[in-house]
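Trainee: My structure is below; once you've seen it, I'll send some questions.
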Amino acid sequence: MKMIDAYSGFSIDFSRMNVTAEQLDALQDKFNRAAVEMAALEAGAVKNPDENRKVTHFSDRIEYRTSELFREVEDFAEAVRLGKVTAGSGKKFDAVVVNGIGGSALGPQLLQFAINGPYWNEKTSAERNGYLRVYFLDNTDPAGVADLLELIDLENTLHLCVSKSGGTQETFNNLTALENVYAARNLDFAAYACAVTMPGSKLDEHAKGNNWLKVFPMKESIGGRTSETSIVGHVPAALGGIDFRMFLEGACRMDIWTRNKSYRDNPAMTLAAMWYIAGAGRGDRNMVIVPYSDRLVLLSRYLQQLVMESLGKELDLDGKTVHQGLNVFGNKGGTDAHAFIQQLNDGRDDFFATFIEVMQDADAVKLDGDLTMGDYLHGFLYGLAAALESKKRPVITMEISTVSPANLGALIALYERAVAIYAEFININAFHQPGVQAYKLAAKGMLQAREQLFGNLKNRPVTGSAAELAACTGLGDKVPVVAGWLNRAVANPAEYSVERKFSTDINDWVYTVK
């Protein structure tokens, strides 16, 4: 079974999935439900009942292309490119740091790497046509800030802080660190900063209260992992010179195709059905994503969040414990042939693979006779597909003509809809993330344990094992947590006064808190 969009050249081939027409026809009730629910979603129904909100990323991107907000972003990016909007130093901006995490970073990173390539930041301003070098802070790792500060010039760098809720801790940690760095240089950070966030959020209030250059509003009805076709993806793309209108064009064309009610004419519905049948409706097979393109190496990482955060749920919509989900992993072909393909071919039969090929070579690099590098890559893909097929291991192949904004938009839209349809098949809410919230609460508990530990030890120097120090500070049930904080303290003497020695008597560390 193969589906083709003649306009774009996109195609998807399911013929190696070992799925019969009878198996697909048996899912007709699920197809019918999915068609009804997807139509309701786009009509404005509340599709995230846990948070009582609508889900509008499919419908909003239709209108966004002609909106005043779209023009505002384009005008701002062009003004920055031309030097009409300058840094607080008076210099023309040369770089932008995108500070966000999860959906606020993964999509922009994918688009930047895929379209502008891995060496964009090494080009001159003229080679970039005045558009900005693009850097990302997407964690609360101090190494990220330290590495960034080694490269950027504070006086010509724009800072784009992206947080839907406006209170994401990792993002605010980076923001605070950068504000402190600018303050230490007697520079007004506000004259170098802009934001994307929901109106009224903590970040919105902080940015407007400090007179940042620009604050762009984000809708509450668009979730982070489905935000790349919104202003979250637009601002970084525009600053980097990427044609975001064509990106949306590709996404919207795919949306039209994937609104078909019949699975026979709907690649997203058929893709979801293949996942469902392959994994027996329980996610029993892992999803392996292998794009045969260096530029698409971040696609599997992007899809990890989209698929796993959307579908990895403990409860279904009826409150029944189901523990659903799909594991996603991958890298790129043919690098993967020298990495984990050995297991796919000879190891556990617990996956289905999706190979994505870019048909047009970036350059016709000739090798042996009339063979090119691209010919070899094509041969590797189909050789691996044939090897897996011979062992009845399920494979999906996709083709796109080039790595272009439109084709990338189409790929993202295809997977967004397939995820939403699959969620209807298994009766779960794809648009909330209670596990993420649980992790955030647990992290707060660990920080509270730190305060309790060092607060109780502050005025009384003491020596002992982690278990002994845990017991004397009221944390006897959290010995591993206490050990972790003590080991961190030892490794950071500028922040803590803790030493340790290894004791052969207890086969563990003995700590001295001064």
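Chain lettering (A, B, ...) mirrors the order of the structure tokens, residue numbering begins at 1 for each chain separately, and ligand numbering begins at 1 in order of display.
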Please extract the residues of region 228-271 of chain A with a backbone DSSP assignment of alpha helix (DSSP H) and present them as an MDAnalysis selection string.
Mentor: chainID A and resid 231:239 244:257 267:271
Trainee: Just N, CA, C and O atoms for this one: save the residues we selected as an mmCIF file, in the first residue's frame.
Mentor:
```cif
data_model
loop_
_atom_site.group_PDB
_atom_site.id
_atom_site.type_symbol
_atom_site.label_atom_id
_atom_site.label_comp_id
_atom_site.auth_asym_id
_atom_site.auth_seq_id
_atom_site.Cartn_x
_atom_site.Cartn_y
_atom_site.Cartn_z
ATOM 1 N N ILE A 231 3.773 30.729 16.479
ATOM 2 C CA ILE A 231 4.767 31.786 16.690
ATOM 3 C C ILE A 231 6.025 31.264 17.388
ATOM 4 O O ILE A 231 7.110 31.825 17.229
ATOM 5 N N VAL A 232 5.908 30.160 18.118
ATOM 6 C CA VAL A 232 7.071 29.556 18.783
ATOM 7 C C VAL A 232 8.132 29.161 17.758
ATOM 8 O O VAL A 232 9.331 29.353 17.972
ATOM 9 N N GLY A 233 7.689 28.600 16.642
ATOM 10 C CA GLY A 233 8.631 28.252 15.585
ATOM 11 C C GLY A 233 8.957 29.421 14.681
ATOM 12 O O GLY A 233 10.055 29.493 14.107
ATOM 13 N N HIS A 234 8.002 30.351 14.565
ATOM 14 C CA HIS A 234 8.155 31.433 13.594
ATOM 15 C C HIS A 234 9.255 32.419 13.955
ATOM 16 O O HIS A 234 10.081 32.786 13.093
ATOM 17 N N VAL A 235 9.292 32.875 15.195
ATOM 18 C CA VAL A 235 10.260 33.928 15.553
ATOM 19 C C VAL A 235 11.706 33.455 15.348
ATOM 20 O O VAL A 235 12.490 34.143 14.679
ATOM 21 N N PRO A 236 12.108 32.288 15.877
ATOM 22 C CA PRO A 236 13.486 31.839 15.618
ATOM 23 C C PRO A 236 13.768 31.630 14.135
ATOM 24 O O PRO A 236 14.857 31.963 13.657
ATOM 25 N N ALA A 237 12.786 31.072 13.405
ATOM 26 C CA ALA A 237 12.984 30.830 11.982
ATOM 27 C C ALA A 237 13.183 32.132 11.224
ATOM 28 O O ALA A 237 14.087 32.257 10.387
ATOM 29 N N ALA A 238 12.348 33.125 11.511
ATOM 30 C CA ALA A 238 12.441 34.405 10.804
ATOM 31 C C ALA A 238 13.770 35.093 11.083
ATOM 32 O O ALA A 238 14.393 35.677 10.176
ATOM 33 N N LEU A 239 14.236 35.041 12.313
ATOM 34 C CA LEU A 239 15.517 35.657 12.653
ATOM 35 C C LEU A 239 16.680 34.958 11.969
ATOM 36 O O LEU A 239 17.725 35.561 11.737
ATOM 37 N N PHE A 244 9.249 30.811 6.689
ATOM 38 C CA PHE A 244 8.250 30.163 7.537
ATOM 39 C C PHE A 244 6.903 30.060 6.837
ATOM 40 O O PHE A 244 6.123 29.151 7.129
ATOM 41 N N ARG A 245 6.629 30.954 5.901
ATOM 42 C CA ARG A 245 5.372 30.863 5.168
ATOM 43 C C ARG A 245 5.312 29.561 4.366
ATOM 44 O O ARG A 245 4.275 28.900 4.312
ATOM 45 N N MET A 246 6.437 29.183 3.761
ATOM 46 C CA MET A 246 6.469 27.923 3.016
ATOM 47 C C MET A 246 6.410 26.725 3.956
ATOM 48 O O MET A 246 5.840 25.687 3.621
ATOM 49 N N PHE A 247 6.988 26.863 5.130
ATOM 50 C CA PHE A 247 6.879 25.813 6.145
ATOM 51 C C PHE A 247 5.415 25.564 6.489
ATOM 52 O O PHE A 247 4.945 24.417 6.533
ATOM 53 N N LEU A 248 4.664 26.647 6.698
ATOM 54 C CA LEU A 248 3.234 26.519 6.988
ATOM 55 C C LEU A 248 2.467 26.001 5.776
ATOM 56 O O LEU A 248 1.502 25.242 5.924
ATOM 57 N N GLU A 249 2.887 26.400 4.583
ATOM 58 C CA GLU A 249 2.237 25.909 3.366
ATOM 59 C C GLU A 249 2.315 24.386 3.295
ATOM 60 O O GLU A 249 1.333 23.710 2.987
ATOM 61 N N GLY A 250 3.492 23.840 3.588
ATOM 62 C CA GLY A 250 3.648 22.386 3.569
ATOM 63 C C GLY A 250 2.805 21.702 4.622
ATOM 64 O O GLY A 250 2.192 20.658 4.375
ATOM 65 N N ALA A 251 2.759 22.294 5.823
ATOM 66 C CA ALA A 251 1.953 21.712 6.910
ATOM 67 C C ALA A 251 0.475 21.735 6.553
ATOM 68 O O ALA A 251 -0.251 20.742 6.763
ATOM 69 N N CYS A 252 0.008 22.848 6.005
ATOM 70 C CA CYS A 252 -1.418 22.977 5.687
ATOM 71 C C CYS A 252 -1.823 22.077 4.526
ATOM 72 O O CYS A 252 -2.941 21.540 4.501
ATOM 73 N N ARG A 253 -0.932 21.886 3.566
ATOM 74 C CA ARG A 253 -1.233 20.942 2.472
ATOM 75 C C ARG A 253 -1.368 19.525 3.022
ATOM 76 O O ARG A 253 -2.250 18.769 2.621
ATOM 77 N N MET A 254 -0.485 19.150 3.941
ATOM 78 C CA MET A 254 -0.594 17.828 4.562
ATOM 79 C C MET A 254 -1.875 17.727 5.375
ATOM 80 O O MET A 254 -2.535 16.667 5.398
ATOM 81 N N ASP A 255 -2.267 18.800 6.047
ATOM 82 C CA ASP A 255 -3.514 18.791 6.817
ATOM 83 C C ASP A 255 -4.712 18.502 5.919
ATOM 84 O O ASP A 255 -5.624 17.760 6.300
ATOM 85 N N ILE A 256 -4.734 19.106 4.739
ATOM 86 C CA ILE A 256 -5.836 18.863 3.811
ATOM 87 C C ILE A 256 -5.899 17.384 3.442
ATOM 88 O O ILE A 256 -6.975 16.761 3.453
ATOM 89 N N TRP A 257 -4.752 16.813 3.128
ATOM 90 C CA TRP A 257 -4.678 15.395 2.753
ATOM 91 C C TRP A 257 -5.119 14.500 3.906
ATOM 92 O O TRP A 257 -5.843 13.521 3.721
ATOM 93 N N PRO A 267 -2.910 9.376 4.728
ATOM 94 C CA PRO A 267 -1.664 8.769 5.204
ATOM 95 C C PRO A 267 -1.506 8.804 6.713
ATOM 96 O O PRO A 267 -0.895 7.900 7.295
ATOM 97 N N ALA A 268 -2.050 9.812 7.383
ATOM 98 C CA ALA A 268 -1.935 9.878 8.842
ATOM 99 C C ALA A 268 -2.782 8.797 9.497
ATOM 100 O O ALA A 268 -2.362 8.163 10.475
ATOM 101 N N MET A 269 -3.978 8.576 8.966
ATOM 102 C CA MET A 269 -4.846 7.558 9.534
ATOM 103 C C MET A 269 -4.257 6.166 9.316
ATOM 104 O O MET A 269 -4.263 5.320 10.214
ATOM 105 N N THR A 270 -3.706 5.942 8.117
ATOM 106 C CA THR A 270 -3.078 4.654 7.851
ATOM 107 C C THR A 270 -1.812 4.471 8.677
ATOM 108 O O THR A 270 -1.533 3.386 9.183
ATOM 109 N N LEU A 271 -1.034 5.552 8.847
ATOM 110 C CA LEU A 271 0.174 5.475 9.667
ATOM 111 C C LEU A 271 -0.176 5.105 11.098
ATOM 112 O O LEU A 271 0.456 4.211 11.697
#
```
Trainee: Residues near Met287 (chain A), anyone? I mean within 7 Å using only C-alpha atoms, not counting same-chain ones fewer than 3 positions away, as a list in words.
Mentor: Leu326, Asn327, Val328, Phe329, Phe351, Phe352 and Ala353 of chain A
Trainee: Find, counting only C-alpha atoms, the residue in A:Thr463, A:Gln342, A:Asn260, A:Thr372 that gets nearest to Leu384 (chain A).
Mentor: A:Gln342
Trainee: Which parts of region 285-458 of chain A does DSSP call strand (DSSP E) when run on the backbone here, written out as number ranges by chain?
Mentor: A: 286-292, 313-315, 321-324, 328-329, 351-358, 395-400
Trainee: Could you pull the residues within 12 Å of Lys440 (chain A), counting only C-alpha atoms, minus those fewer than 4 positions along the same chain, as a list in words?
Mentor: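 Contacts, in chain order: Gly167, Thr168, Gln169, Glu170, Gln433, Pro434, Gly435, Val436, Lys444, Gly445, Met446 and Leu447 of chain A.
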Trainee: Identify, on the basis of only C-alpha atoms, every residue whose closest approach to Ala418 (chain A) does not exceed 12 Å; exclude the query and any residue fewer than 5 positions from it along the same chain; express the result as a count of residues only.
Mentor: 32
Trainee: Using only C-alpha atoms, which residues sit within 7 Å of region 116-133 of chain A once same-chain residues fewer than 2 positions away are excluded, as a list in words?
Mentor: Arg81, Leu82, Asp94, Ala95, Val96, Gln112, Phe113, Ala114, Tyr135, Leu239, Gly240, Gly241 and Arg295 of chain A
Trainee: Selected residues, N, CA and C atoms, written as a PDB file, in the first residue's frame, please.
Mentor:
```
ATOM      1  N   ARG A  81      17.408  42.331  10.854  1.00  0.00           N
ATOM      2  CA  ARG A  81      18.357  42.012   9.785  1.00  0.00           C
ATOM      3  C   ARG A  81      18.980  43.271   9.180  1.00  0.00           C
ATOM      4  N   LEU A  82      18.163  44.278   8.997  1.00  0.00           N
ATOM      5  CA  LEU A  82      18.635  45.511   8.370  1.00  0.00           C
ATOM      6  C   LEU A  82      19.292  46.475   9.347  1.00  0.00           C
ATOM      7  N   ASP A  94      23.920  40.368  15.712  1.00  0.00           N
ATOM      8  CA  ASP A  94      24.580  39.373  14.856  1.00  0.00           C
ATOM      9  C   ASP A  94      24.189  37.946  15.231  1.00  0.00           C
ATOM     10  N   ALA A  95      23.632  37.754  16.429  1.00  0.00           N
ATOM     11  CA  ALA A  95      23.282  36.413  16.895  1.00  0.00           C
ATOM     12  C   ALA A  95      22.030  36.484  17.751  1.00  0.00           C
ATOM     13  N   VAL A  96      21.344  35.355  17.849  1.00  0.00           N
ATOM     14  CA  VAL A  96      20.205  35.238  18.747  1.00  0.00           C
ATOM     15  C   VAL A  96      20.361  33.962  19.555  1.00  0.00           C
ATOM     16  N   GLN A 112      16.067  24.824  12.236  1.00  0.00           N
ATOM     17  CA  GLN A 112      17.335  25.523  12.010  1.00  0.00           C
ATOM     18  C   GLN A 112      18.383  24.585  11.425  1.00  0.00           C
ATOM     19  N   PHE A 113      18.532  23.401  12.003  1.00  0.00           N
ATOM     20  CA  PHE A 113      19.558  22.457  11.553  1.00  0.00           C
ATOM     21  C   PHE A 113      19.216  21.923  10.170  1.00  0.00           C
ATOM     22  N   ALA A 114      17.927  21.626   9.936  1.00  0.00           N
ATOM     23  CA  ALA A 114      17.523  21.039   8.666  1.00  0.00           C
ATOM     24  C   ALA A 114      17.644  22.028   7.512  1.00  0.00           C
ATOM     25  N   TYR A 135      21.717  30.274  18.352  1.00  0.00           N
ATOM     26  CA  TYR A 135      22.183  29.378  19.409  1.00  0.00           C
ATOM     27  C   TYR A 135      20.997  28.994  20.298  1.00  0.00           C
ATOM     28  N   LEU A 239      14.236  35.041  12.313  1.00  0.00           N
ATOM     29  CA  LEU A 239      15.517  35.657  12.653  1.00  0.00           C
ATOM     30  C   LEU A 239      16.680  34.958  11.969  1.00  0.00           C
ATOM     31  N   GLY A 240      16.481  33.663  11.639  1.00  0.00           N
ATOM     32  CA  GLY A 240      17.514  32.906  10.934  1.00  0.00           C
ATOM     33  C   GLY A 240      17.313  32.869   9.433  1.00  0.00           C
ATOM     34  N   GLY A 241      16.344  33.628   8.931  1.00  0.00           N
ATOM     35  CA  GLY A 241      16.171  33.725   7.488  1.00  0.00           C
ATOM     36  C   GLY A 241      15.456  32.559   6.846  1.00  0.00           C
ATOM     37  N   ARG A 295      20.911  16.348   7.451  1.00  0.00           N
ATOM     38  CA  ARG A 295      20.150  17.524   7.865  1.00  0.00           C
ATOM     39  C   ARG A 295      18.955  17.161   8.757  1.00  0.00           C
TER      40      ARG A 295
END
```
Trainee: Could you check which of A:Glu150, A:Asp265, A:Glu37, A:Asp361 is closest to Met3 (chain A), using only C-alpha atoms?
Mentor: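 Result for the nearest residue to Met3 (chain A): A:Asp265.
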Trainee: Using only C-alpha atoms, can you tell me which of A:Leu175, A:Arg33, A:Ala471, A:Ala45 comes closest to Val98 (chain A)?
Mentor: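 Result for the nearest residue to Val98 (chain A): A:Leu175.
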